[in-house]
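Below: work-v2.cif (mmCIF, C-alpha atoms)
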```cif
data_coords
#
loop_
_atom_site.label_atom_id
_atom_site.label_comp_id
_atom_site.auth_asym_id
_atom_site.auth_seq_id
_atom_site.Cartn_x
_atom_site.Cartn_y
_atom_site.Cartn_z
CA MET A 170 3.36 0.90 12.86
CA GLU A 171 0.71 3.60 12.60
CA LEU A 172 -1.08 2.25 15.66
CA LEU A 173 2.19 1.95 17.60
CA VAL A 174 3.03 5.60 16.88
CA HIS A 175 -0.45 6.86 17.79
CA GLU A 176 -0.99 4.80 20.92
CA GLY A 177 2.59 4.30 22.11
CA PHE A 178 4.10 0.95 23.05
CA GLU A 179 2.29 1.02 26.40
CA GLY A 180 -1.19 1.59 25.01
CA PHE A 181 -0.75 -0.87 22.18
CA SER A 182 -2.21 -4.38 22.39
CA VAL A 183 -2.75 -7.34 20.08
CA ASN A 184 -6.50 -7.08 20.74
CA ARG A 185 -6.53 -3.42 19.74
CA LEU A 186 -4.56 -4.12 16.56
CA ALA A 187 -6.97 -6.91 15.61
CA LYS A 188 -9.90 -4.51 16.02
CA VAL A 189 -8.28 -1.74 13.95
CA CYS A 190 -7.21 -4.15 11.18
CA GLN A 191 -10.55 -5.97 11.35
CA VAL A 192 -8.93 -9.38 11.69
CA SER A 193 -9.54 -11.93 14.41
CA VAL A 194 -7.29 -11.93 17.47
CA ALA A 195 -6.54 -15.60 16.83
CA THR A 196 -5.19 -14.79 13.36
CA LEU A 197 -2.65 -12.37 14.82
CA TYR A 198 -1.61 -14.91 17.45
CA ILE A 199 -0.87 -17.44 14.72
CA TYR A 200 1.83 -15.10 13.39
CA TYR A 201 2.98 -13.49 16.64
CA GLN A 202 3.48 -14.91 20.12
CA ASP A 203 2.53 -11.76 21.99
CA LYS A 204 2.71 -7.97 21.99
CA ASN A 205 6.51 -7.93 22.41
CA ASP A 206 7.03 -10.37 19.57
CA LEU A 207 4.78 -8.25 17.35
CA ILE A 208 6.57 -4.98 18.19
CA ILE A 209 9.99 -6.57 17.65
CA LYS A 210 9.00 -8.03 14.28
CA ILE A 211 7.48 -4.75 13.07
CA ALA A 212 10.54 -2.82 14.27
CA ARG A 213 12.97 -5.23 12.57
CA GLU A 214 11.04 -4.95 9.32
CA GLN A 215 11.04 -1.15 9.52
CA ILE A 216 14.74 -0.94 10.31
CA THR A 217 15.65 -3.29 7.47
CA THR A 218 13.54 -1.36 4.95
CA MET A 219 14.88 1.98 6.17
CA GLY A 220 18.47 0.70 6.13
CA GLN A 221 18.11 -0.52 2.56
CA ALA A 222 16.60 2.82 1.50
CA MET A 223 19.41 4.75 3.22
CA MET A 224 22.17 2.69 1.63
CA LYS A 225 20.64 2.57 -1.86
CA GLY A 226 23.32 3.41 -4.41
CA PHE A 227 25.74 4.37 -1.62
CA ASP A 228 29.34 3.39 -2.29
CA PRO A 229 31.72 3.59 0.71
CA GLU A 230 34.55 4.03 -1.79
CA SER A 231 33.02 7.14 -3.38
CA SER A 232 34.28 10.66 -2.77
CA PHE A 233 33.15 12.21 0.52
CA GLU A 234 30.82 14.77 -1.02
CA GLU A 235 29.28 12.32 -3.47
CA GLY A 236 28.66 9.73 -0.73
CA MET A 237 27.19 12.30 1.63
CA ARG A 238 24.96 13.71 -1.11
CA ARG A 239 23.63 10.20 -1.73
CA GLN A 240 23.01 9.70 2.00
CA TRP A 241 21.17 13.00 2.32
CA ALA A 242 19.07 12.35 -0.79
CA ASN A 243 18.18 8.82 0.39
CA ARG A 244 17.28 9.90 3.91
CA TYR A 245 15.31 12.93 2.69
CA GLN A 246 13.29 10.94 0.16
CA TYR A 247 12.59 8.05 2.49
CA LEU A 248 11.62 10.10 5.54
CA VAL A 249 9.44 12.59 3.63
CA LYS A 250 7.65 9.71 1.91
CA ASN A 251 7.27 7.80 5.21
CA PRO A 252 6.51 10.45 7.84
CA LEU A 253 5.69 7.93 10.57
CA VAL A 254 9.13 6.32 10.44
CA GLY A 255 10.80 9.26 12.22
CA PRO A 256 8.49 9.26 15.27
CA PHE A 257 8.52 5.44 15.33
CA MET A 258 12.32 5.37 15.48
CA GLU A 259 12.32 8.00 18.25
CA GLN A 260 9.89 5.85 20.22
CA LEU A 261 11.99 2.77 19.60
CA ARG A 262 15.21 4.51 20.63
CA SER A 263 13.78 5.38 24.04
CA SER A 264 12.40 1.88 24.59
CA THR A 265 13.84 -1.40 25.80
CA TYR A 266 13.15 -2.95 22.39
CA MET A 267 15.94 -1.05 20.66
CA GLU A 268 18.81 -3.30 21.66
CA GLU A 269 16.96 -6.38 20.57
CA VAL A 270 16.04 -5.10 17.12
CA ILE A 271 19.09 -3.12 16.09
CA GLY A 272 21.34 -6.21 15.99
CA SER A 273 23.23 -7.00 12.82
CA PHE A 274 21.82 -4.02 10.94
CA ILE A 275 23.86 -1.54 12.95
CA ASN A 276 27.04 -3.53 12.39
CA ASP A 277 26.66 -3.55 8.60
CA PHE A 278 25.63 0.07 8.55
CA LYS A 279 28.36 1.18 10.93
CA GLY A 280 31.00 -0.80 9.06
CA SER A 281 30.06 0.78 5.77
CA MET A 282 29.94 4.32 7.20
CA GLU A 283 33.21 3.88 9.06
CA ARG A 284 34.97 2.71 5.92
CA PHE A 285 33.53 5.62 4.00
CA TYR A 286 34.64 8.10 6.66
CA LYS A 287 38.14 6.63 7.00
CA ASN A 288 38.62 6.72 3.21
CA ALA A 289 37.58 10.37 3.17
CA VAL A 290 39.96 11.25 6.03
CA ALA A 291 42.81 9.39 4.32
CA ARG A 292 42.19 11.34 1.12
CA GLY A 293 42.18 14.58 3.10
CA GLU A 294 38.58 15.37 2.09
CA VAL A 295 37.29 15.59 5.65
CA ALA A 296 38.77 16.57 8.99
CA PRO A 297 39.44 13.70 11.43
CA LEU A 298 36.79 14.18 14.12
CA PRO A 299 35.29 12.19 16.98
CA PHE A 300 32.31 10.23 15.60
CA ALA A 301 29.73 12.22 17.59
CA VAL A 302 31.07 15.51 16.22
CA PHE A 303 31.12 14.17 12.68
CA TRP A 304 27.56 12.83 12.92
CA SER A 305 26.21 16.03 14.48
CA ILE A 306 27.50 18.14 11.62
CA ALA A 307 26.92 15.56 8.89
CA PHE A 308 23.32 14.51 9.62
CA ALA A 309 21.74 16.46 12.49
CA PRO A 310 21.08 19.50 10.21
CA LEU A 311 19.13 17.24 7.86
CA TYR A 312 17.04 15.80 10.71
CA SER A 313 16.37 19.28 12.01
CA LEU A 314 15.01 20.34 8.60
CA LEU A 315 12.91 17.17 8.38
CA ARG A 316 11.42 17.87 11.81
CA PHE A 317 10.51 21.44 10.83
CA HIS A 318 8.99 20.05 7.64
CA LYS A 319 6.90 17.54 9.54
CA GLU A 320 5.75 20.16 12.04
CA LYS A 321 5.22 22.62 9.15
CA LYS A 322 6.97 25.33 11.16
CA THR A 323 10.37 26.31 12.48
CA VAL A 324 11.36 27.08 16.09
CA ASP A 325 10.11 30.67 15.85
CA GLY A 326 6.70 29.41 14.69
CA SER A 327 6.99 30.62 11.10
CA ALA A 328 5.64 28.37 8.36
CA PHE A 329 8.11 25.96 6.80
CA LYS A 330 8.16 23.51 3.93
CA LEU A 331 11.37 21.74 3.03
CA THR A 332 12.37 22.39 -0.58
CA GLU A 333 15.28 20.91 -2.51
CA LYS A 334 16.85 24.36 -2.59
CA VAL A 335 16.88 24.64 1.21
CA LEU A 336 17.99 21.03 1.54
CA TRP A 337 21.05 21.43 -0.67
CA GLN A 338 21.89 24.88 0.70
CA THR A 339 22.11 23.28 4.17
CA PHE A 340 24.03 20.33 2.74
CA ASP A 341 26.66 22.64 1.20
CA LEU A 342 27.17 24.39 4.56
CA ALA A 343 27.51 21.07 6.39
CA MET A 344 30.10 19.92 3.83
CA LYS A 345 31.99 23.18 4.28
CA ALA A 346 32.08 22.68 8.05
CA LEU A 347 33.48 19.16 7.69
CA LYS A 348 36.31 20.09 5.34
CA PRO A 349 39.79 20.23 6.90
CA SER A 350 40.79 23.82 7.64
CA MET B 52 7.35 -24.36 12.01
CA ASN B 53 7.09 -27.84 10.59
CA PRO B 54 4.23 -28.22 8.02
CA SER B 55 2.75 -31.11 9.98
CA GLN B 56 2.43 -28.90 13.08
CA THR B 57 -0.68 -26.95 13.92
CA ILE B 58 -1.01 -23.76 15.96
CA HIS B 59 -3.90 -23.65 18.39
CA ILE B 60 -4.96 -20.40 20.04
CA PHE B 61 -6.95 -20.32 23.29
CA LYS B 62 -8.51 -17.80 25.61
CA THR B 63 -7.69 -18.68 29.22
CA ASP B 64 -7.60 -17.35 32.78
CA ILE B 65 -3.93 -18.20 33.36
CA LYS B 66 -3.23 -14.82 34.88
CA THR B 67 -0.40 -14.97 37.38
CA PRO B 68 3.25 -16.08 37.27
CA GLU B 69 2.26 -18.90 39.66
CA ASP B 70 -0.40 -20.05 37.18
CA LYS B 71 2.19 -19.97 34.44
CA GLY B 72 4.59 -22.01 36.55
CA ARG B 73 1.94 -24.67 37.18
CA LEU B 74 1.12 -24.79 33.49
CA GLN B 75 4.78 -25.04 32.56
CA ALA B 76 5.16 -28.19 34.63
CA VAL B 77 2.33 -29.79 32.67
CA LEU B 78 3.00 -28.50 29.15
CA ASP B 79 6.76 -28.87 29.09
CA ARG B 80 6.51 -32.58 29.67
CA HIS B 81 3.49 -33.14 27.45
CA GLU B 82 4.66 -35.21 24.50
CA ASP B 83 2.12 -33.76 22.04
CA VAL B 84 3.11 -30.16 22.74
CA GLU B 85 6.05 -28.94 20.65
CA THR B 86 6.17 -25.36 21.92
CA TRP B 87 3.81 -23.18 23.86
CA HIS B 88 3.54 -19.51 24.85
CA ILE B 89 1.19 -17.56 27.07
CA ASP B 90 0.57 -13.83 26.63
CA GLN B 91 -0.30 -12.72 30.15
CA GLU B 92 -0.33 -9.07 29.16
CA ASP B 93 -3.39 -9.66 27.04
CA ILE B 94 -6.83 -9.41 28.57
CA ASP B 95 -7.64 -12.91 27.28
CA CYS B 96 -4.36 -14.45 28.58
CA VAL B 97 -3.93 -16.01 25.16
CA LEU B 98 -2.32 -19.44 25.10
CA ARG B 99 -0.58 -20.43 21.87
CA ILE B 100 0.26 -24.08 21.39
CA VAL B 101 2.19 -25.66 18.54
CA SER B 102 1.44 -29.34 18.28
CA ARG B 103 1.69 -32.17 15.80
CA SER B 104 -1.10 -34.29 17.12
CA ALA B 105 -3.03 -32.72 20.01
CA SER B 106 -6.56 -31.56 19.17
CA PRO B 107 -7.98 -28.33 20.64
CA THR B 108 -10.41 -30.42 22.70
CA GLN B 109 -7.56 -32.39 24.27
CA ILE B 110 -5.79 -29.18 25.27
CA ILE B 111 -9.00 -27.65 26.63
CA ASP B 112 -9.63 -30.81 28.68
CA LEU B 113 -6.05 -30.76 29.94
CA LEU B 114 -6.40 -27.18 31.18
CA HIS B 115 -9.80 -27.88 32.71
CA THR B 116 -8.31 -30.70 34.76
CA GLN B 117 -5.72 -28.20 36.04
CA GLY B 118 -8.59 -25.94 37.11
CA TYR B 119 -8.29 -23.29 34.40
CA ARG B 120 -10.81 -21.88 32.03
CA CYS B 121 -9.90 -22.47 28.40
CA SER B 122 -11.73 -22.05 25.14
CA GLU B 123 -10.65 -21.86 21.54
CA LEU B 124 -10.22 -18.29 20.32
CA ALA B 125 -11.94 -17.64 17.02
#
```
Could you render the structure from this file as structure tokens?
Amino acid sequence: MELLVHEGFEGFSVNRLAKVCQVSVATLYIYYQDKNDLIIKIAREQITTMGQAMMKGFDPESSFEEGMRRQWANRYQYLVKNPLVGPFMEQLRSSTYMEEVIGSFINDFKGSMERFYKNAVARGEVAPLPFAVFWSIAFAPLYSLLRFHKEKKTVDGSAFKLTEKVLWQTFDLAMKALKPS
Amino acid sequence: MNPSQTIHIFKTDIKTPEDKGRLQAVLDRHEDVETWHIDQEDIDCVLRIVSRSASPTQIIDLLHTQGYRCSELA
């Protein structure tokens, strides 16, 4: 994944990977048919691992705030610990590989999140919103903080390091925005 | 993959879609070849063959008779 992020999908090749990993080209071809097969398998593995990390301890039946707190904590911990995953996913999203690898994962994930959201709306804990609006308020602030953290600066160029205090301060504001008025 | 099958990896000069088409006609009907794949994006045009009984030499000879270069990739 490191090589894919640094060289891009275009610049990546099985030969290059063999050189970097100091294994023979033939060894890689025993496990993978070609470059596409290799990228797809790596991407599937990453998405599965990330999905499991995101959903760890998450209960779609929990209260809205508790479930969201779990999601934020999971995403924060996983993405800070694995800084290459973010850029890799961006790369994947803008590539033709995305459709092929996202498959069943997105259905499980979407199903769980939809149930969680519907429960919360039914209980009157969150305003009924179009999914894009909900997602933009619920998670985009977290991804913005994670990007500043990775770049070590904010949009105005001032130094930035994501702390738990800032994380949960932003979380509280996002929760406030999602509550029914 | 079946445990009795072996994967053989070769460096070739099967570069074009036409070359691949010609090869397909030969490999698809070869009874010792279970599955095969050619990576034409790679500089070595790597041919990957899964077979139960064909030896690397047999495959190399087969490709030579079709006019292609082929050697086992270490």
Residues of chain A at most 12 Å from chain B: nearest atom pair and distance in Å, only C-alpha atoms, as JSON lines:
```
{"residue": "A:Glu179", "atom": "CA", "partner": "B:Glu92", "partner_atom": "CA", "distance": 10.8}
{"residue": "A:Gly180", "atom": "CA", "partner": "B:Glu92", "partner_atom": "CA", "distance": 11.5}
{"residue": "A:Phe181", "atom": "CA", "partner": "B:Asp93", "partner_atom": "CA", "distance": 10.4}
{"residue": "A:Ser182", "atom": "CA", "partner": "B:Asp93", "partner_atom": "CA", "distance": 7.1}
{"residue": "A:Val183", "atom": "CA", "partner": "B:Asp93", "partner_atom": "CA", "distance": 7.4}
{"residue": "A:Asn184", "atom": "CA", "partner": "B:Asp93", "partner_atom": "CA", "distance": 7.5}
{"residue": "A:Arg185", "atom": "CA", "partner": "B:Asp93", "partner_atom": "CA", "distance": 10.1}
{"residue": "A:Leu186", "atom": "CA", "partner": "B:Asp93", "partner_atom": "CA", "distance": 11.9}
{"residue": "A:Ala187", "atom": "CA", "partner": "B:Ala125", "partner_atom": "CA", "distance": 11.9}
{"residue": "A:Val192", "atom": "CA", "partner": "B:Ala125", "partner_atom": "CA", "distance": 10.3}
{"residue": "A:Ser193", "atom": "CA", "partner": "B:Ala125", "partner_atom": "CA", "distance": 6.7}
{"residue": "A:Val194", "atom": "CA", "partner": "B:Ala125", "partner_atom": "CA", "distance": 7.4}
{"residue": "A:Ala195", "atom": "CA", "partner": "B:Leu124", "partner_atom": "CA", "distance": 5.7}
{"residue": "A:Thr196", "atom": "CA", "partner": "B:Ala125", "partner_atom": "CA", "distance": 8.2}
{"residue": "A:Leu197", "atom": "CA", "partner": "B:Ile60", "partner_atom": "CA", "distance": 9.9}
{"residue": "A:Tyr198", "atom": "CA", "partner": "B:Ile60", "partner_atom": "CA", "distance": 6.9}
{"residue": "A:Ile199", "atom": "CA", "partner": "B:Ile58", "partner_atom": "CA", "distance": 6.4}
{"residue": "A:Tyr200", "atom": "CA", "partner": "B:Ile58", "partner_atom": "CA", "distance": 9.5}
{"residue": "A:Tyr201", "atom": "CA", "partner": "B:Arg99", "partner_atom": "CA", "distance": 9.4}
{"residue": "A:Gln202", "atom": "CA", "partner": "B:His88", "partner_atom": "CA", "distance": 6.6}
{"residue": "A:Asp203", "atom": "CA", "partner": "B:Asp90", "partner_atom": "CA", "distance": 5.4}
{"residue": "A:Lys204", "atom": "CA", "partner": "B:Asp90", "partner_atom": "CA", "distance": 7.8}
{"residue": "A:Asn205", "atom": "CA", "partner": "B:Asp90", "partner_atom": "CA", "distance": 9.4}
{"residue": "A:Asp206", "atom": "CA", "partner": "B:Asp90", "partner_atom": "CA", "distance": 10.2}
{"residue": "A:Leu207", "atom": "CA", "partner": "B:Asp90", "partner_atom": "CA", "distance": 11.6}
```
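Note that CA of Asp70 in chain B and CA of Thr108 in chain B are 20.4 Å apart.
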Given the PyMOL selection byres ((chain A and resi 331) around 9) and the file above, list the residues it selects as a list in words.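 Checked against the file, the PyMOL selection byres ((chain A and resi 331) around 9) matches Leu314, Leu315, Phe317, His318, Lys319, Lys321, Phe329, Lys330, Thr332, Glu333, Lys334, Val335 and Leu336 of chain A.
The coordinates place CA of Met282 in chain A at 13.4 Å from CA of Gly226 in chain A.
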Evaluating the PyMOL selection byres ((chain B and resi 102) around 6) on the displayed file yields which residues, as an mmCIF file with C-alpha atoms, keeping the file's coordinate frame?
```cif
data_model
loop_
_atom_site.group_PDB
_atom_site.id
_atom_site.type_symbol
_atom_site.label_atom_id
_atom_site.label_comp_id
_atom_site.auth_asym_id
_atom_site.auth_seq_id
_atom_site.Cartn_x
_atom_site.Cartn_y
_atom_site.Cartn_z
ATOM 1 C CA GLN B 56 2.430 -28.900 13.080
ATOM 2 C CA THR B 57 -0.680 -26.950 13.920
ATOM 3 C CA ASP B 83 2.120 -33.760 22.040
ATOM 4 C CA VAL B 84 3.110 -30.160 22.740
ATOM 5 C CA GLU B 85 6.050 -28.940 20.650
ATOM 6 C CA VAL B 101 2.190 -25.660 18.540
ATOM 7 C CA ARG B 103 1.690 -32.170 15.800
ATOM 8 C CA SER B 104 -1.100 -34.290 17.120
ATOM 9 C CA ALA B 105 -3.030 -32.720 20.010
#
```
From A:Val295, A:Tyr312, A:Pro229, A:Ser305, residue lying nearest Gly280 in chain A [all atoms listed in the file]: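 Closest to Gly280 in chain A of all the choices is A:Pro229.
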Coordinates-based distance that separates CA of Ser313 in chain A from CA of Val249 in chain A (Å, one decimal): 12.8 Å
Taking into account only C-alpha atoms, which residue in the set A:Pro252, A:Leu173, A:Gln260, A:Arg238 is nearest to Gln338 in chain A? A:Arg238
From the set A:Gly255, A:Pro349, A:Pro297, A:Pro310, which residue has the shortest atom-to-atom contact distance to Glu283 in chain A, counting all atoms listed in the file? A:Pro297
Which residues fall under the PyMOL selection byres ((chain A and resi 239-245) around 8) in this file, as a PyMOL selection string? chain A and resi 222-227+235-238+246-249+308+311+315+340
Could you please take those selected residues and save C-alpha atoms as a short mmCIF file (atom, residue, chain, number, x, y, z; two decimals), in the coordinates of the input?
```cif
data_model
loop_
_atom_site.label_atom_id
_atom_site.label_comp_id
_atom_site.auth_asym_id
_atom_site.auth_seq_id
_atom_site.Cartn_x
_atom_site.Cartn_y
_atom_site.Cartn_z
CA ALA A 222 16.60 2.82 1.50
CA MET A 223 19.41 4.75 3.22
CA MET A 224 22.17 2.69 1.63
CA LYS A 225 20.64 2.57 -1.86
CA GLY A 226 23.32 3.41 -4.41
CA PHE A 227 25.74 4.37 -1.62
CA GLU A 235 29.28 12.32 -3.47
CA GLY A 236 28.66 9.73 -0.73
CA MET A 237 27.19 12.30 1.63
CA ARG A 238 24.96 13.71 -1.11
CA GLN A 246 13.29 10.94 0.16
CA TYR A 247 12.59 8.05 2.49
CA LEU A 248 11.62 10.10 5.54
CA VAL A 249 9.44 12.59 3.63
CA PHE A 308 23.32 14.51 9.62
CA LEU A 311 19.13 17.24 7.86
CA LEU A 315 12.91 17.17 8.38
CA PHE A 340 24.03 20.33 2.74
#
```
Quick one: of A:Gly220, A:Ser263, A:Arg316, A:Gly293, who's nearest to Asn276 in chain A, counting only C-alpha atoms?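 Looking only at the distances to Asn276 in chain A, the closest residue turns out to be A:Gly220.
For the choices A:Phe285, A:Phe178, A:Trp337, A:Phe303, the atom-to-atom distance to Ser232 in chain A is smallest for A:Phe285 when using all atoms listed in the file.
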